[in-house]
Amino acid sequence: MQHYLICYDIKNPKRLQKVYRCVQNYALFLQKSVYGIQMTVMQRDELATQLSRLIHKEDDIRIYATEPIEKFQWYGVRKQLTCEDIKLI
């Protein structure tokens with residue numbers, strides 16, 4: 001299992017809602033349009049395929065491999081998260 005950060009910028013409100021619903025089914029909300037998730041490479045590829053069907057060429061979705069969420073540094077009022085907070089697909 002690998003940890004990932006999913007970020008998106010969707011130009012159309014209807015497509016934004018579709019992407020939002022798709023991502024929130026799998027991943028932990030971290031910040032507006034930014035999510036954390038733990039999944040296999042195969043699961044990542046399946047999610048990327050699902051998302052690519054929802055967007056147009058002017059939209060942007062990025063999936064970055066990251067360190068485990070426990071190694072993230074948090075500043076401000078957001079609570080500290082652990083791996084148990086991340087949904088598995």
# chains A, B, ... in the order shown; residues from 1 in each chain; ligands from 1

$ select_by_dssp --residues "stretch 2-86 of chain A" --states "strand (DSSP E or B)" --output "number ranges by chain"
A: 2-9, 28-31, 34-39, 60-66

$ closest_residue --among "A:Ser52, A:Tyr20, A:Gly76, A:Asn12" --to "A:Tyr35" --atoms "only C-alpha atoms"
A:Tyr20

$ closest_residue --among "A:Met39, A:Ala65, A:Val19, A:Ala27" --to "A:Arg53" --atoms "only C-alpha atoms"
A:Val19

$ closest_residue --among "A:Met1, A:Leu28, A:Ile37, A:Ile10" --to "A:His56" --atoms "only C-alpha atoms"
A:Ile10
